[in-house]
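Undergrad: Got a structure here, written out as structure tokens. Questions coming.
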Amino acid sequence: MSLLARTSEALWGLLDPWAFMYLSASCLPKTILAQLRARGFGVLLSPARLRDAWFSEFWGRRVSPKVRQMAGERVVPLLQGRTRAGRILDAPAGPGVGGTVLEVGAGSGLWVDVFPEVAAIQTPEPEADGAVRKRKTAAGAITRIYGVEPNRDQHAHLRQAIARAGLEDVYQIVPVGIEDLDDAQKWDGRVEKGSVDCIVSVLCLCSIPEPEKNVRELYRYLKKGGRWYVYEHVRSEYSWYMRAYQRFVNLFWPHFIGGCLLCRQTEKTLREAGPWEKIDVAQPPDEQWYKIHPHILGVFTK
């Protein structure tokens, strides 16, 4: 590639976040109009609820197919156990996702259909009297998925995604925050601490409140030997000027992208959540220096 081509590519890469924010801004008038037609005055008068509705319109309808296509090239191998040191492998280097799974930030269901693609799905077996009993779990099979999504504006899309994937008997929406996962009074269910085989977080830890506190809380739900599969964007460590540019963009970014924060040190937060038996997480080596949102990819094993 010529110097001119490389310079042009880097320039467009540096401008990309501004185009992304412009696309988000273009969804706001439509969101407001939809709320007016639905007489959703409570949403319009609440900045937090309006932001949730705006983000649902932007993310769920406008950009999720492209994000799904691009990130899926890494997420699918990750959940199959085909990553090492941030690289995608042809064969598994470790176990894939299975057992009881906690999906953090399920959103509109962008990754729901990935689960039957990467693992066998084992549903409870009905008996003749109508009762339900569990069969012996097949190796590597997913038996239960809890999708944590407190933004109720996303639930209609999430339920549709669950139905399309045929996971109605396995996938349960958890409509509360991380702090209430084990509180049966806050939602119709309960997740016990120490009961989860796998946690999956894909491009969501950038926007959870109190990340250090909530990541530590999620750590407590993992069984000993449980695995946390992570694909997240993080603070740039490339150079001082990219860190400065990322911080500048971050002055505007959260207001347009649903509270997403670019400069979080998510890998550090995960490493400090508790003792890990094994950590195999790194930035994909093919990511370019001018990307405003570098990623980490890999697995933490408790």
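Lettering and numbering for the structure tokens are positional, with chains as A, B, ... in the shown order, residues counted from 1 in each chain, and ligands counted from 1 in the shown order.
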Name the residues of stretch 89-234 of chain A that come out as alpha helix (DSSP H) in a backbone DSSP run; write them as a list in words.

TA: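 The alpha helix (DSSP H) subset of stretch 89-234 of chain A is Val114, Phe115, Pro116, Glu117, Val118, His155, Ala156, His157, Leu158, Arg159, Gln160, Ala161, Ile162, Ala163, Arg164, Pro211, Glu212, Lys213, Asn214, Val215, Arg216, Glu217, Leu218, Tyr219, Arg220 and Tyr221 of chain A.
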
Undergrad: List as a VMD selection string the protein and nucleic acid residues near stretch 85-87 of chain A, meaning an atom at most 9 Å away when only C-alpha atoms are counted, but skip any in the same chain fewer than 2 places from it.

TA: chain A and resid 74 82 to 83 89 280 to 286 296 to 298

Undergrad: Go through A:Ile142, A:Ala106, A:Leu44, A:Val234 and flag the residue nearest A:Val174, using only C-alpha atoms for the distances.

TA: A:Ala106

Undergrad: Tell me which of A:Arg164, A:Arg220, A:Arg227, A:Lys291 sits closest to A:Gly96, counting only C-alpha atoms.

TA: A:Arg227

Undergrad: Please provide the set of residues having any atom within 8 Å of A:Gly13, restricted to only C-alpha atoms, with same-chain residues fewer than 4 positions apart removed, written as an MDAnalysis selection string.

TA: chainID A and resid 9 17 290:292

Undergrad: Let's see if you can do this: from backbone DSSP, list all strand (DSSP E) residues in stretch 28-276 of chain A, as an MDAnalysis selection string.

TA: chainID A and resid 83:84 87:88 99:104 125:126 132:133 142:148 171:174 196:202 222:233

Undergrad: Excluding A:Leu167 and any residue of its chain fewer than 3 positions from it, enumerate the residues within 12 Å of it, using only C-alpha atoms, and give them as a PyMOL selection string.

TA: chain A and resi 109+112-117+120-124+142-147+158-164+170-173

Undergrad: Take the residues just selected and output them with N, CA, C and O atoms as an mmCIF file, in the first residue's frame.

TA:
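Written output follows (result.cif):
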data_model
loop_
_atom_site.group_PDB
_atom_site.id
_atom_site.type_symbol
_atom_site.label_atom_id
_atom_site.label_comp_id
_atom_site.auth_asym_id
_atom_site.auth_seq_id
_atom_site.Cartn_x
_atom_site.Cartn_y
_atom_site.Cartn_z
ATOM 1 N N GLY A 109 -30.452 -8.237 21.446
ATOM 2 C CA GLY A 109 -30.296 -9.644 21.058
ATOM 3 C C GLY A 109 -29.329 -9.856 19.926
ATOM 4 O O GLY A 109 -29.420 -10.833 19.179
ATOM 5 N N VAL A 112 -27.657 -13.299 20.296
ATOM 6 C CA VAL A 112 -28.452 -14.452 20.727
ATOM 7 C C VAL A 112 -28.275 -15.637 19.785
ATOM 8 O O VAL A 112 -28.111 -16.788 20.228
ATOM 9 N N ASP A 113 -28.305 -15.392 18.473
ATOM 10 C CA ASP A 113 -28.240 -16.516 17.538
ATOM 11 C C ASP A 113 -26.853 -17.149 17.467
ATOM 12 O O ASP A 113 -26.685 -18.210 16.849
ATOM 13 N N VAL A 114 -25.868 -16.526 18.107
ATOM 14 C CA VAL A 114 -24.526 -17.114 18.120
ATOM 15 C C VAL A 114 -24.482 -18.354 19.015
ATOM 16 O O VAL A 114 -23.744 -19.309 18.726
ATOM 17 N N PHE A 115 -25.262 -18.357 20.087
ATOM 18 C CA PHE A 115 -25.166 -19.460 21.049
ATOM 19 C C PHE A 115 -25.466 -20.826 20.428
ATOM 20 O O PHE A 115 -24.682 -21.764 20.615
ATOM 21 N N PRO A 116 -26.559 -21.005 19.668
ATOM 22 C CA PRO A 116 -26.747 -22.315 19.023
ATOM 23 C C PRO A 116 -25.744 -22.583 17.907
ATOM 24 O O PRO A 116 -25.576 -23.734 17.485
ATOM 25 N N GLU A 117 -25.053 -21.538 17.441
ATOM 26 C CA GLU A 117 -24.027 -21.736 16.419
ATOM 27 C C GLU A 117 -22.740 -22.290 17.004
ATOM 28 O O GLU A 117 -22.049 -23.097 16.354
ATOM 29 N N ALA A 120 -23.932 -26.879 21.477
ATOM 30 C CA ALA A 120 -25.210 -27.588 21.524
ATOM 31 C C ALA A 120 -26.092 -26.946 22.596
ATOM 32 O O ALA A 120 -25.600 -26.472 23.617
ATOM 33 N N ILE A 121 -27.390 -26.917 22.358
ATOM 34 C CA ILE A 121 -28.349 -26.365 23.306
ATOM 35 C C ILE A 121 -29.148 -27.516 23.901
ATOM 36 O O ILE A 121 -29.760 -28.302 23.176
ATOM 37 N N GLN A 122 -29.137 -27.611 25.210
ATOM 38 C CA GLN A 122 -29.851 -28.691 25.888
ATOM 39 C C GLN A 122 -30.987 -28.100 26.711
ATOM 40 O O GLN A 122 -30.760 -27.354 27.662
ATOM 41 N N THR A 123 -32.215 -28.428 26.343
ATOM 42 C CA THR A 123 -33.384 -27.920 27.043
ATOM 43 C C THR A 123 -33.864 -28.936 28.073
ATOM 44 O O THR A 123 -33.579 -30.129 27.954
ATOM 45 N N PRO A 124 -34.600 -28.474 29.103
ATOM 46 C CA PRO A 124 -35.174 -29.416 30.061
ATOM 47 C C PRO A 124 -36.102 -30.394 29.357
ATOM 48 O O PRO A 124 -36.808 -30.043 28.407
ATOM 49 N N ILE A 142 -24.954 -25.947 26.248
ATOM 50 C CA ILE A 142 -25.523 -24.828 26.997
ATOM 51 C C ILE A 142 -26.869 -25.261 27.554
ATOM 52 O O ILE A 142 -27.739 -25.740 26.809
ATOM 53 N N THR A 143 -27.037 -25.094 28.852
ATOM 54 C CA THR A 143 -28.287 -25.518 29.487
ATOM 55 C C THR A 143 -29.171 -24.354 29.911
ATOM 56 O O THR A 143 -30.389 -24.519 30.075
ATOM 57 N N ARG A 144 -28.609 -23.193 30.105
ATOM 58 C CA ARG A 144 -29.368 -22.017 30.533
ATOM 59 C C ARG A 144 -28.583 -20.774 30.167
ATOM 60 O O ARG A 144 -27.366 -20.750 30.299
ATOM 61 N N ILE A 145 -29.299 -19.743 29.669
ATOM 62 C CA ILE A 145 -28.685 -18.448 29.376
ATOM 63 C C ILE A 145 -29.488 -17.374 30.083
ATOM 64 O O ILE A 145 -30.714 -17.297 29.927
ATOM 65 N N TYR A 146 -28.815 -16.579 30.877
ATOM 66 C CA TYR A 146 -29.420 -15.403 31.491
ATOM 67 C C TYR A 146 -28.911 -14.169 30.739
ATOM 68 O O TYR A 146 -27.708 -13.910 30.717
ATOM 69 N N GLY A 147 -29.829 -13.432 30.141
ATOM 70 C CA GLY A 147 -29.456 -12.231 29.400
ATOM 71 C C GLY A 147 -29.742 -10.984 30.214
ATOM 72 O O GLY A 147 -30.904 -10.602 30.380
ATOM 73 N N LEU A 158 -35.182 -8.034 21.884
ATOM 74 C CA LEU A 158 -34.486 -9.178 22.468
ATOM 75 C C LEU A 158 -35.374 -10.418 22.439
ATOM 76 O O LEU A 158 -34.913 -11.515 22.093
ATOM 77 N N ARG A 159 -36.652 -10.265 22.788
ATOM 78 C CA ARG A 159 -37.570 -11.410 22.743
ATOM 79 C C ARG A 159 -37.715 -11.947 21.324
ATOM 80 O O ARG A 159 -37.793 -13.168 21.111
ATOM 81 N N GLN A 160 -37.748 -11.058 20.343
ATOM 82 C CA GLN A 160 -37.829 -11.497 18.953
ATOM 83 C C GLN A 160 -36.590 -12.296 18.552
ATOM 84 O O GLN A 160 -36.691 -13.322 17.863
ATOM 85 N N ALA A 161 -35.434 -11.834 18.993
ATOM 86 C CA ALA A 161 -34.187 -12.542 18.679
ATOM 87 C C ALA A 161 -34.168 -13.924 19.331
ATOM 88 O O ALA A 161 -33.705 -14.900 18.724
ATOM 89 N N ILE A 162 -34.649 -14.006 20.561
ATOM 90 C CA ILE A 162 -34.710 -15.293 21.266
ATOM 91 C C ILE A 162 -35.612 -16.267 20.516
ATOM 92 O O ILE A 162 -35.272 -17.445 20.331
ATOM 93 N N ALA A 163 -36.772 -15.773 20.066
ATOM 94 C CA ALA A 163 -37.708 -16.622 19.327
ATOM 95 C C ALA A 163 -37.115 -17.076 18.001
ATOM 96 O O ALA A 163 -37.241 -18.250 17.617
ATOM 97 N N ARG A 164 -36.457 -16.165 17.276
ATOM 98 C CA ARG A 164 -35.852 -16.537 15.994
ATOM 99 C C ARG A 164 -34.791 -17.612 16.166
ATOM 100 O O ARG A 164 -34.621 -18.482 15.298
ATOM 101 N N VAL A 170 -34.643 -21.811 26.971
ATOM 102 C CA VAL A 170 -33.292 -21.773 27.539
ATOM 103 C C VAL A 170 -32.890 -20.364 27.963
ATOM 104 O O VAL A 170 -32.235 -20.182 28.995
ATOM 105 N N TYR A 171 -33.301 -19.381 27.193
ATOM 106 C CA TYR A 171 -32.841 -18.003 27.387
ATOM 107 C C TYR A 171 -33.863 -17.220 28.227
ATOM 108 O O TYR A 171 -35.024 -17.103 27.855
ATOM 109 N N GLN A 172 -33.406 -16.652 29.340
ATOM 110 C CA GLN A 172 -34.263 -15.849 30.204
ATOM 111 C C GLN A 172 -33.730 -14.426 30.283
ATOM 112 O O GLN A 172 -32.561 -14.206 30.598
ATOM 113 N N ILE A 173 -34.603 -13.462 29.999
ATOM 114 C CA ILE A 173 -34.221 -12.055 30.110
ATOM 115 C C ILE A 173 -34.191 -11.658 31.581
ATOM 116 O O ILE A 173 -35.136 -11.910 32.320
#

Undergrad: Could you check the closest approach to A:Leu251 for each of A:Leu181, A:Cys263, A:Leu15, A:Cys198 and tell me which residue wins, using only C-alpha atoms?

TA: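 Among the listed residues, A:Cys263 lies closest to A:Leu251.
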
Undergrad: Let me make sure I understand: among A:Pro175, A:Gly189, A:Gly225, A:Pro29, which one has the smallest atom-to-atom distance to A:Trp54 if we use only C-alpha atoms?

TA: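 Once distances to A:Trp54 are computed over only C-alpha atoms, the minimum belongs to A:Pro29.
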
Undergrad: By how many Å are atom CA of A:Cys204 and atom CA of A:Asn151 apart?

TA: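 So the two atoms, atom CA of A:Cys204 and atom CA of A:Asn151, lie 12.6 Å apart.
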